[in-house]
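Shown next: target-v2.txt, containing compact mmCIF, C-alpha atoms.
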```txt
# COMPACT_ATOMS: atom_id res chain seq x y z
CA MET Z 473 0.00 0.00 0.00
CA PRO Z 474 1.31 3.53 -0.75
CA PRO Z 475 2.04 5.85 2.16
CA THR Z 476 -0.93 7.80 3.48
CA LYS Z 477 1.11 10.70 4.85
CA ARG Z 478 1.27 13.96 2.92
CA ILE Z 479 3.92 14.28 0.22
CA LYS Z 480 6.68 16.68 1.11
CA ASN Z 481 7.01 19.92 -0.82
CA ASN Z 482 10.25 18.99 -2.61
CA TRP Z 483 9.50 20.28 -6.12
CA SER Z 484 12.38 21.85 -8.03
CA GLU Z 485 13.35 22.97 -11.55
CA ASN Z 486 16.21 20.44 -11.66
CA ILE Z 487 15.02 17.82 -14.14
CA PRO Z 488 15.87 14.23 -13.09
CA THR Z 489 17.66 11.91 -15.51
CA CYS Z 490 15.19 9.51 -17.11
CA ASN Z 491 16.13 5.82 -17.11
CA LEU Z 492 12.78 4.30 -18.07
CA ASN Z 493 12.77 4.91 -21.82
CA ARG Z 494 14.42 1.71 -23.06
CA THR Z 495 13.75 -0.76 -25.86
CA TYR Z 496 12.31 -4.25 -25.42
CA ASN Z 497 10.52 -6.76 -27.62
CA LEU Z 498 6.81 -5.95 -27.69
CA ARG Z 499 4.09 -8.60 -27.74
CA ALA Z 500 3.12 -9.66 -31.27
CA SER Z 501 -0.24 -10.87 -32.53
CA SER Z 502 -0.99 -14.57 -32.25
CA ALA Z 503 -0.02 -17.02 -35.00
CA LYS Z 504 -3.71 -17.65 -35.73
CA ALA Z 505 -4.34 -13.93 -36.20
CA LEU Z 506 -1.38 -13.64 -38.57
CA GLU Z 507 -2.63 -16.62 -40.58
CA ALA Z 508 -6.24 -15.38 -40.83
CA LYS Z 509 -7.02 -13.99 -44.28
CA THR Z 510 -10.80 -13.59 -44.54
CA PRO Z 511 -13.31 -11.69 -42.35
CA LEU Z 512 -14.89 -15.03 -41.37
CA GLU Z 513 -11.54 -16.38 -40.14
CA PHE Z 514 -11.05 -13.27 -38.01
CA PHE Z 515 -14.60 -13.61 -36.69
CA TYR Z 516 -13.95 -17.20 -35.55
CA LEU Z 517 -10.89 -16.03 -33.58
CA PHE Z 518 -13.16 -14.13 -31.21
CA TRP Z 519 -16.37 -16.15 -31.51
CA GLY Z 520 -15.09 -19.72 -31.37
CA LYS Z 521 -16.98 -22.94 -30.71
CA ASP Z 522 -16.65 -22.75 -26.92
CA ILE Z 523 -18.47 -19.44 -26.42
CA ILE Z 524 -21.11 -20.37 -29.02
CA LYS Z 525 -21.73 -23.66 -27.20
CA THR Z 526 -22.11 -21.73 -23.92
CA ILE Z 527 -24.62 -19.33 -25.47
CA ALA Z 528 -26.65 -22.20 -26.98
CA THR Z 529 -26.69 -24.17 -23.69
CA GLU Z 530 -27.65 -21.22 -21.49
CA SER Z 531 -30.29 -20.01 -23.97
CA ASP Z 532 -31.94 -23.44 -23.89
CA LYS Z 533 -31.89 -23.38 -20.06
CA TYR Z 534 -33.46 -19.92 -19.99
CA ALA Z 535 -36.16 -20.96 -22.46
CA GLN Z 536 -37.03 -23.95 -20.23
CA GLN Z 537 -37.39 -21.58 -17.27
CA LYS Z 538 -39.94 -19.69 -19.39
CA ASN Z 539 -41.74 -22.97 -20.21
CA SER Z 540 -40.59 -22.90 -23.82
CA ALA Z 541 -38.67 -25.40 -25.95
CA LEU Z 542 -35.95 -23.51 -27.82
CA ASN Z 543 -33.56 -26.30 -28.88
CA VAL Z 544 -31.28 -23.77 -30.55
CA LYS Z 545 -28.40 -25.01 -32.68
CA LYS Z 546 -24.90 -23.53 -32.77
CA GLU Z 547 -25.40 -22.62 -36.44
CA GLU Z 548 -28.47 -20.56 -35.47
CA ILE Z 549 -26.45 -18.66 -32.85
CA TYR Z 550 -23.97 -17.73 -35.57
CA VAL Z 551 -26.84 -16.52 -37.76
CA VAL Z 552 -28.22 -14.37 -34.92
CA LEU Z 553 -24.79 -12.81 -34.32
CA GLY Z 554 -24.40 -12.28 -38.06
CA ALA Z 555 -27.79 -10.56 -38.18
CA MET Z 556 -26.66 -8.12 -35.49
CA LEU Z 557 -23.49 -7.31 -37.43
CA LEU Z 558 -25.50 -6.96 -40.65
CA SER Z 559 -27.82 -4.45 -38.96
CA GLY Z 560 -24.82 -2.18 -38.36
CA TYR Z 561 -23.58 -2.45 -41.94
CA SER Z 562 -26.92 -2.29 -43.79
CA LYS Z 563 -29.32 -0.12 -41.80
CA CYS Z 564 -33.08 -0.70 -42.08
CA PRO Z 565 -35.67 1.30 -40.09
CA LYS Z 566 -37.34 -1.84 -38.68
CA LYS Z 567 -36.08 -5.31 -37.87
CA HIS Z 568 -38.57 -7.25 -39.97
CA MET Z 569 -37.49 -5.34 -43.09
CA TYR Z 570 -34.33 -7.52 -43.29
CA TRP Z 571 -36.66 -10.33 -44.38
CA ASN Z 572 -38.20 -8.25 -47.16
CA ASN Z 573 -37.83 -9.78 -50.61
CA SER Z 574 -37.21 -6.47 -52.41
CA ASP Z 575 -34.01 -5.84 -54.36
CA ASP Z 576 -32.66 -3.09 -52.08
CA VAL Z 577 -32.45 -5.40 -49.01
CA PRO Z 578 -29.61 -7.97 -48.53
CA LYS Z 579 -30.96 -11.51 -49.06
CA ILE Z 580 -28.41 -13.26 -46.85
CA LEU Z 581 -30.57 -13.11 -43.70
CA TYR Z 582 -33.76 -13.95 -45.61
CA ASN Z 583 -32.06 -17.09 -46.95
CA SER Z 584 -30.55 -18.12 -43.60
CA ILE Z 585 -33.35 -18.11 -41.01
CA CYS Z 586 -37.10 -17.52 -40.78
CA LEU Z 587 -38.24 -14.29 -39.18
CA ASN Z 588 -40.44 -16.11 -36.64
CA ARG Z 589 -37.56 -18.35 -35.59
CA PHE Z 590 -35.22 -15.37 -35.25
CA GLU Z 591 -37.72 -13.44 -33.12
CA PHE Z 592 -38.16 -16.52 -30.92
CA ILE Z 593 -34.41 -16.96 -30.35
CA LEU Z 594 -33.58 -13.30 -29.71
CA PRO Z 595 -35.49 -12.76 -26.41
CA HIS Z 596 -34.19 -16.10 -25.08
CA LEU Z 597 -30.53 -15.31 -25.82
CA HIS Z 598 -28.63 -15.92 -22.58
CA PHE Z 599 -25.00 -16.19 -21.43
CA ASN Z 600 -25.07 -17.49 -17.85
CA ASP Z 601 -27.07 -19.79 -15.56
CA ASN Z 602 -29.79 -17.97 -13.60
CA PHE Z 603 -29.87 -20.70 -10.94
CA LEU Z 604 -26.26 -19.95 -9.95
CA ILE Z 605 -26.60 -16.18 -9.95
CA ASP Z 606 -24.04 -14.21 -7.93
CA LYS Z 607 -25.85 -11.18 -6.53
CA THR Z 608 -22.53 -9.45 -5.73
CA ASP Z 609 -21.66 -9.40 -9.45
CA LYS Z 610 -23.88 -6.85 -11.19
CA LEU Z 611 -22.68 -8.10 -14.57
CA TYR Z 612 -23.20 -11.78 -13.73
CA LYS Z 613 -25.44 -12.48 -16.74
CA LEU Z 614 -22.78 -11.12 -19.09
CA ARG Z 615 -19.72 -12.38 -17.20
CA PRO Z 616 -18.86 -15.41 -19.44
CA LEU Z 617 -19.07 -13.21 -22.53
CA ILE Z 618 -16.96 -10.42 -20.98
CA GLU Z 619 -14.28 -12.87 -19.80
CA HIS Z 620 -14.19 -14.66 -23.15
CA LEU Z 621 -13.83 -11.45 -25.19
CA ASN Z 622 -11.14 -10.08 -22.87
CA LYS Z 623 -9.21 -13.34 -23.20
CA SER Z 624 -9.57 -13.39 -27.00
CA PHE Z 625 -8.66 -9.71 -27.45
CA LYS Z 626 -5.52 -10.16 -25.37
CA GLU Z 627 -4.54 -13.44 -27.00
CA HIS Z 628 -4.85 -12.49 -30.67
CA GLY Z 629 -4.24 -8.74 -30.86
CA GLY Z 630 -0.76 -8.19 -29.46
CA LEU Z 631 0.52 -4.95 -27.97
CA GLU Z 632 2.20 -1.90 -29.48
CA GLU Z 633 4.56 0.60 -27.91
CA HIS Z 634 1.94 3.35 -27.50
CA ILE Z 635 -1.16 2.43 -25.48
CA SER Z 636 -4.00 4.67 -24.31
CA ILE Z 637 -6.55 4.22 -21.53
CA ASP Z 638 -9.85 6.07 -21.64
CA GLU Z 639 -13.58 5.70 -21.19
CA ASP Z 640 -16.10 5.15 -23.95
CA MET Z 641 -19.86 4.78 -23.96
CA ILE Z 642 -21.90 1.77 -25.08
CA SER Z 643 -25.12 3.35 -26.30
CA TYR Z 644 -28.29 2.45 -24.35
CA TYR Z 645 -31.45 4.51 -23.81
CA GLY Z 646 -33.58 2.11 -21.74
CA LYS Z 647 -33.82 1.80 -17.96
CA HIS Z 648 -30.96 0.09 -16.14
CA TYR Z 649 -29.09 0.62 -12.85
CA ALA Z 650 -25.71 0.80 -14.61
CA LYS Z 651 -26.74 3.35 -17.24
CA GLN Z 652 -24.63 6.51 -17.13
CA PHE Z 653 -24.92 10.05 -18.47
CA ILE Z 654 -21.72 11.80 -19.55
CA LYS Z 655 -22.07 15.34 -20.80
CA GLY Z 656 -19.97 16.23 -23.84
CA LYS Z 657 -19.62 12.67 -25.17
CA PRO Z 658 -20.93 11.83 -28.67
CA THR Z 659 -22.92 9.04 -26.97
CA ARG Z 660 -24.23 10.61 -23.78
CA PHE Z 661 -26.45 7.79 -22.47
CA GLY Z 662 -25.35 4.22 -22.00
CA TYR Z 663 -22.87 2.00 -20.20
CA LYS Z 664 -19.51 3.45 -19.27
CA ASN Z 665 -16.69 1.22 -20.45
CA TRP Z 666 -13.01 1.51 -19.48
CA ALA Z 667 -10.83 0.40 -22.38
CA LEU Z 668 -7.12 -0.11 -23.02
CA CYS Z 669 -6.33 0.32 -26.72
CA THR Z 670 -3.30 0.45 -28.95
CA ASN Z 671 -2.64 3.47 -31.13
CA THR Z 672 -4.13 1.57 -34.09
CA GLU Z 673 -7.59 1.43 -32.46
CA TYR Z 674 -7.35 -2.19 -31.26
CA CYS Z 675 -9.00 -2.89 -27.88
CA VAL Z 676 -6.73 -5.15 -25.82
CA THR Z 677 -8.91 -5.32 -22.70
CA PHE Z 678 -11.96 -3.59 -21.25
CA GLU Z 679 -13.94 -3.28 -18.03
CA ILE Z 680 -17.59 -2.18 -17.84
CA TYR Z 681 -18.25 0.25 -14.99
CA THR Z 682 -21.10 -0.49 -12.58
CA ASP Z 683 -20.33 1.59 -9.48
CA LYS Z 684 -17.46 2.59 -7.22
CA SER Z 685 -17.80 -0.54 -5.10
CA GLY Z 686 -17.06 -2.69 -8.15
CA THR Z 687 -13.34 -1.86 -8.23
CA GLU Z 688 -10.95 -4.27 -6.60
CA HIS Z 689 -8.56 -1.79 -4.95
CA VAL Z 690 -10.78 1.25 -4.53
CA LYS Z 691 -8.81 2.53 -1.49
CA ARG Z 692 -5.42 2.37 -3.13
CA PHE Z 693 -5.11 4.87 -5.99
CA GLY Z 694 -8.66 6.23 -6.24
CA LEU Z 695 -11.23 5.13 -8.81
CA GLY Z 696 -9.29 6.29 -11.89
CA GLY Z 697 -5.95 4.95 -10.67
CA ASP Z 698 -7.45 1.58 -9.76
CA VAL Z 699 -8.96 1.31 -13.24
CA VAL Z 700 -5.49 1.87 -14.74
CA MET Z 701 -3.92 -0.80 -12.53
CA ASN Z 702 -6.68 -3.33 -13.26
CA LEU Z 703 -6.46 -2.78 -17.02
CA LEU Z 704 -2.65 -3.08 -16.98
CA LYS Z 705 -2.98 -6.30 -14.99
CA ASN Z 706 -5.62 -7.70 -17.35
CA ALA Z 707 -3.47 -6.83 -20.38
CA MET Z 708 -0.44 -8.48 -18.71
CA ILE Z 709 1.62 -5.28 -18.82
CA GLY Z 710 4.05 -5.87 -16.00
CA HIS Z 711 7.37 -4.60 -14.69
CA ASN Z 712 10.24 -3.33 -16.80
CA LEU Z 713 8.55 -3.18 -20.20
CA ASP Z 714 8.87 -0.39 -22.74
CA TYR Z 715 5.17 0.32 -23.29
CA LYS Z 716 4.16 3.98 -23.18
CA ILE Z 717 0.82 4.42 -21.40
CA TYR Z 718 -1.29 7.56 -21.97
CA PHE Z 719 -4.43 8.72 -20.17
CA ASP Z 720 -6.25 11.94 -19.28
CA ASN Z 721 -6.67 13.83 -16.02
CA TYR Z 722 -9.47 11.56 -14.78
CA PHE Z 723 -6.89 8.82 -14.17
CA THR Z 724 -3.69 10.78 -13.46
CA THR Z 725 -2.44 11.10 -9.89
CA LEU Z 726 1.12 11.69 -8.74
CA VAL Z 727 0.97 8.66 -6.43
CA LEU Z 728 0.04 6.47 -9.40
CA LEU Z 729 2.87 7.87 -11.56
CA ARG Z 730 5.42 7.25 -8.82
CA HIS Z 731 4.15 3.73 -8.27
CA LEU Z 732 4.33 2.92 -12.01
CA ALA Z 733 7.82 4.44 -12.16
CA LYS Z 734 8.94 1.89 -9.55
CA MET Z 735 7.45 -0.80 -11.81
CA LYS Z 736 9.43 0.76 -14.71
CA ILE Z 737 6.25 1.42 -16.70
CA CYS Z 738 6.34 4.64 -18.74
CA VAL Z 739 3.30 6.88 -18.21
CA LEU Z 740 2.26 10.28 -19.53
CA GLY Z 741 -1.03 12.07 -18.94
CA THR Z 742 -2.76 15.38 -18.38
CA VAL Z 743 -3.28 16.21 -14.72
CA HIS Z 744 -5.98 18.24 -12.99
CA GLU Z 745 -5.06 21.23 -10.86
CA ASN Z 746 -6.39 19.72 -7.63
CA LYS Z 747 -4.26 16.58 -8.09
CA MET Z 748 -0.92 18.41 -8.17
CA VAL Z 749 -0.18 18.00 -4.47
CA ARG Z 750 1.44 21.20 -3.13
CA CYS Z 751 3.11 21.81 -6.48
CA PRO Z 752 4.28 25.46 -6.47
CA PHE Z 753 2.96 26.52 -9.88
CA PRO Z 754 1.41 30.01 -10.16
CA ASP Z 755 -2.36 30.15 -9.84
CA LYS Z 756 -4.25 29.09 -12.97
CA LYS Z 757 -5.95 32.49 -13.28
CA LYS Z 758 -2.58 34.28 -13.19
CA TRP Z 759 -1.09 31.78 -15.64
CA SER Z 760 -3.91 32.40 -18.13
CA THR Z 761 -2.69 36.01 -18.54
CA LYS Z 762 0.71 34.85 -19.84
CA PRO Z 763 1.48 34.91 -23.58
CA ARG Z 764 0.69 31.85 -25.65
CA GLY Z 765 3.52 29.33 -25.58
CA SER Z 766 4.61 30.09 -22.01
CA TYR Z 767 5.69 27.05 -20.00
CA LYS Z 768 7.28 25.97 -16.75
CA PHE Z 769 8.69 22.62 -15.62
CA LEU Z 770 8.81 21.27 -12.07
CA ALA Z 771 10.12 17.88 -10.96
CA SER Z 772 9.86 15.80 -7.81
CA GLU Z 773 11.39 12.35 -7.40
CA SER Z 774 10.47 10.44 -10.59
CA VAL Z 775 7.67 12.76 -11.78
CA LEU Z 776 8.01 15.71 -14.15
CA ILE Z 777 5.15 18.21 -14.60
CA VAL Z 778 4.89 20.98 -17.18
CA LYS Z 779 2.32 23.74 -17.27
CA TRP Z 780 1.84 25.22 -20.75
CA LYS Z 781 -0.32 28.05 -22.09
CA ASP Z 782 -2.13 27.27 -25.35
CA ASN Z 783 -5.71 28.43 -25.91
CA LYS Z 784 -6.14 27.31 -22.33
CA VAL Z 785 -3.73 26.34 -19.59
CA VAL Z 786 -2.84 22.65 -19.69
CA SER Z 787 -0.74 20.57 -17.28
CA VAL Z 788 0.96 17.31 -18.28
CA ALA Z 789 2.76 14.87 -15.97
CA SER Z 790 5.13 12.04 -16.85
CA ASN Z 791 7.58 9.61 -15.30
CA PHE Z 792 9.76 9.14 -18.40
CA SER Z 793 9.89 12.43 -20.41
CA ASP Z 794 12.33 15.33 -20.28
CA ASN Z 795 12.08 19.11 -20.66
CA THR Z 796 12.72 19.30 -24.43
CA ILE Z 797 10.96 22.18 -26.21
CA VAL Z 798 9.76 22.00 -29.82
CA LYS Z 799 7.87 24.38 -32.09
CA THR Z 800 4.24 24.20 -33.17
CA SER Z 801 2.07 26.49 -35.29
CA ARG Z 802 -1.01 28.28 -34.01
CA TRP Z 803 -3.41 30.75 -35.60
CA CYS Z 804 -2.86 34.35 -34.53
CA ARG Z 805 -6.01 36.49 -34.43
CA GLU Z 806 -4.11 39.76 -34.53
CA THR Z 807 -2.00 39.07 -37.64
CA LYS Z 808 -4.50 36.65 -39.28
CA LEU Z 809 -1.58 34.29 -39.89
CA LYS Z 810 -0.12 31.16 -38.33
CA LYS Z 811 2.87 31.68 -36.09
CA GLN Z 812 5.38 29.41 -34.38
CA ILE Z 813 5.19 29.08 -30.60
CA ASP Z 814 7.05 26.98 -28.03
CA GLN Z 815 5.54 23.63 -27.09
CA PRO Z 816 6.93 21.12 -24.57
CA LEU Z 817 7.74 17.81 -26.24
CA MET Z 818 5.69 16.13 -23.50
CA VAL Z 819 2.54 17.74 -24.92
CA ALA Z 820 3.39 16.72 -28.48
CA ILE Z 821 4.02 13.12 -27.37
CA TYR Z 822 0.72 13.06 -25.49
CA ASN Z 823 -1.22 14.34 -28.51
CA ALA Z 824 0.36 11.67 -30.72
CA GLY Z 825 -0.04 8.77 -28.28
CA MET Z 826 -3.47 9.51 -26.82
CA GLY Z 827 -6.65 8.79 -28.77
CA GLY Z 828 -6.67 5.05 -29.45
CA VAL Z 829 -9.90 4.57 -27.48
CA ASP Z 830 -11.61 7.50 -29.25
CA LYS Z 831 -10.60 6.11 -32.63
CA MET Z 832 -11.99 2.69 -31.69
CA ASP Z 833 -15.20 4.31 -30.46
CA ASN Z 834 -15.60 6.14 -33.77
CA LEU Z 835 -15.19 2.90 -35.73
CA VAL Z 836 -17.77 1.15 -33.55
CA ALA Z 837 -20.19 4.07 -33.98
CA VAL Z 838 -20.00 3.82 -37.78
CA TYR Z 839 -21.22 0.18 -37.69
CA ARG Z 840 -23.24 0.24 -34.47
CA THR Z 841 -25.78 -2.59 -34.49
CA ARG Z 842 -29.47 -1.70 -34.74
CA ILE Z 843 -30.89 -5.09 -33.74
```

Output the file's structure as structure tokens, nothing else.
Amino acid sequence: MPPTKRIKNNWSENIPTCNLNRTYNLRASSAKALEAKTPLEFFYLFWGKDIIKTIATESDKYAQQKNSALNVKKEEIYVVLGAMLLSGYSKCPKKHMYWNNSDDVPKILYNSICLNRFEFILPHLHFNDNFLIDKTDKLYKLRPLIEHLNKSFKEHGGLEEHISIDEDMISYYGKHYAKQFIKGKPTRFGYKNWALCTNTEYCVTFEIYTDKSGTEHVKRFGLGGDVVMNLLKNAMIGHNLDYKIYFDNYFTTLVLLRHLAKMKICVLGTVHENKMVRCPFPDKKKWSTKPRGSYKFLASESVLIVKWKDNKVVSVASNFSDNTIVKTSRWCRETKLKKQIDQPLMVAIYNAGMGGVDKMDNLVAVYRTRI
């Protein structure tokens, strides 16, 4: 457990020498993923026979509890999943229109399953046994699916040097205890999902948020810090590896950065004003009066923080960067031209490395299922 006593005010402008930024072999994709050539082969990597068998078995059990005889086959489960994917690619206003025989509707679903059979399977689709329900797990009914997908994502996708952690929203507008509202997100209503993604939009692992009591180490690094530690653990990102982890000020705390520095994990993220413990930067209101491009570095132990004036004042903290300054162009209202201003390299690295989760979310939104 980290110390609970207050951190001493030992900030200085002497930048420590960084010894974290080293080169190691990063985890590659699985052999099966490298051999897969068609979309169907990729689909089978993540939806193999085991999870389909589980869905078929539990759906039959659930139907029996409702006094119905489902007797669903594994092939029918694949058709149902395919119908959901099709509804994101070819969008029809109503579900039954996918069985229309007109020329402007894909015939693949019409030729694969009857509408009545599909509508009978869909409400009985189940993933876990209701008789063994764990009331402490608010995602019990989805738990086998969540565990299977996390295992498959981690096994087949590999890891890249630059990794981002952020929240995204799974769209949902009905009534549910876990539904969240996040102002400013493209999808404002739905389930909050913590995701760890590579810079090429691949989700390595994820964790659906239910409430604060659902985190394993809620008293250790705070909610955001615990999410980071859980995702790193699930993705098997351990000590002394050269992955660069990026996240925003919701997750960043100085205690977390120091802890990850001891694990030799490189981290860089924006940091909120109230999380910079006794850091002697000028007040944010005073800093906002400085000219654009102004900056100041302060360091303490293994953490380096820079405050930089762009359109707004931004603070970035890292346990592996240095105080290098580069140039960037910004539009000048007075001269009506672009001009070069100073920018800390830490900010440029953050802008380049952060965003994998947002990119993944955008791709999902383009093909979001309608069934």

Of the listed residues Z:Lys757, Z:Lys734, Z:Lys768, Z:His620, that which approaches Z:Ile797 most closely, counting only C-alpha atoms =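 Smallest separation from Z:Ile797 among the options: Z:Lys768.
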
Using atom CA of Z:His628 and atom CA of Z:Ile843 as the two end points, give the distance in Å to one decimal.
-> 27.2 Å

What does the distance from atom CA of Z:Asn665 to atom CA of Z:Val775 come to in Å, to one decimal?
->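 For atom CA of Z:Asn665 relative to atom CA of Z:Val775, the distance reads 28.3 Å.
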
Tell me, in Å to one decimal, how far atom CA of Z:Leu729 is from atom CA of Z:Ser774.
-> 8.1 Å

Between Z:Asn572, Z:Thr526, Z:Asn834, Z:Ser787, which is the closest to Z:Pro658 once you count only C-alpha atoms?
-> Z:Asn834

Where's the centre, and what are the edge lengths in Å to one decimal, of a box along x, y and z enclosing all listed atoms of stretch 692-706 of chain Z padded 8 Å per side, as lines of an AutoDock Vina configuration file?
```
center_x = -6.9
center_y = -0.7
center_z = -10.2
size_x = 24.6
size_y = 30.0
size_z = 30.2
```

May I ask which of the residues Z:Ser540, Z:Ser584, Z:Ser501, Z:Thr670 is the closest one to Z:Ser636, counting all atoms listed in the file?
-> Z:Thr670

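Compared by their closest atoms to Z:Asn543, and using all atoms listed in the file, the residues Z:Phe678, Z:His596, Z:Tyr570, Z:Ala508 rank with Z:His596 nearest.
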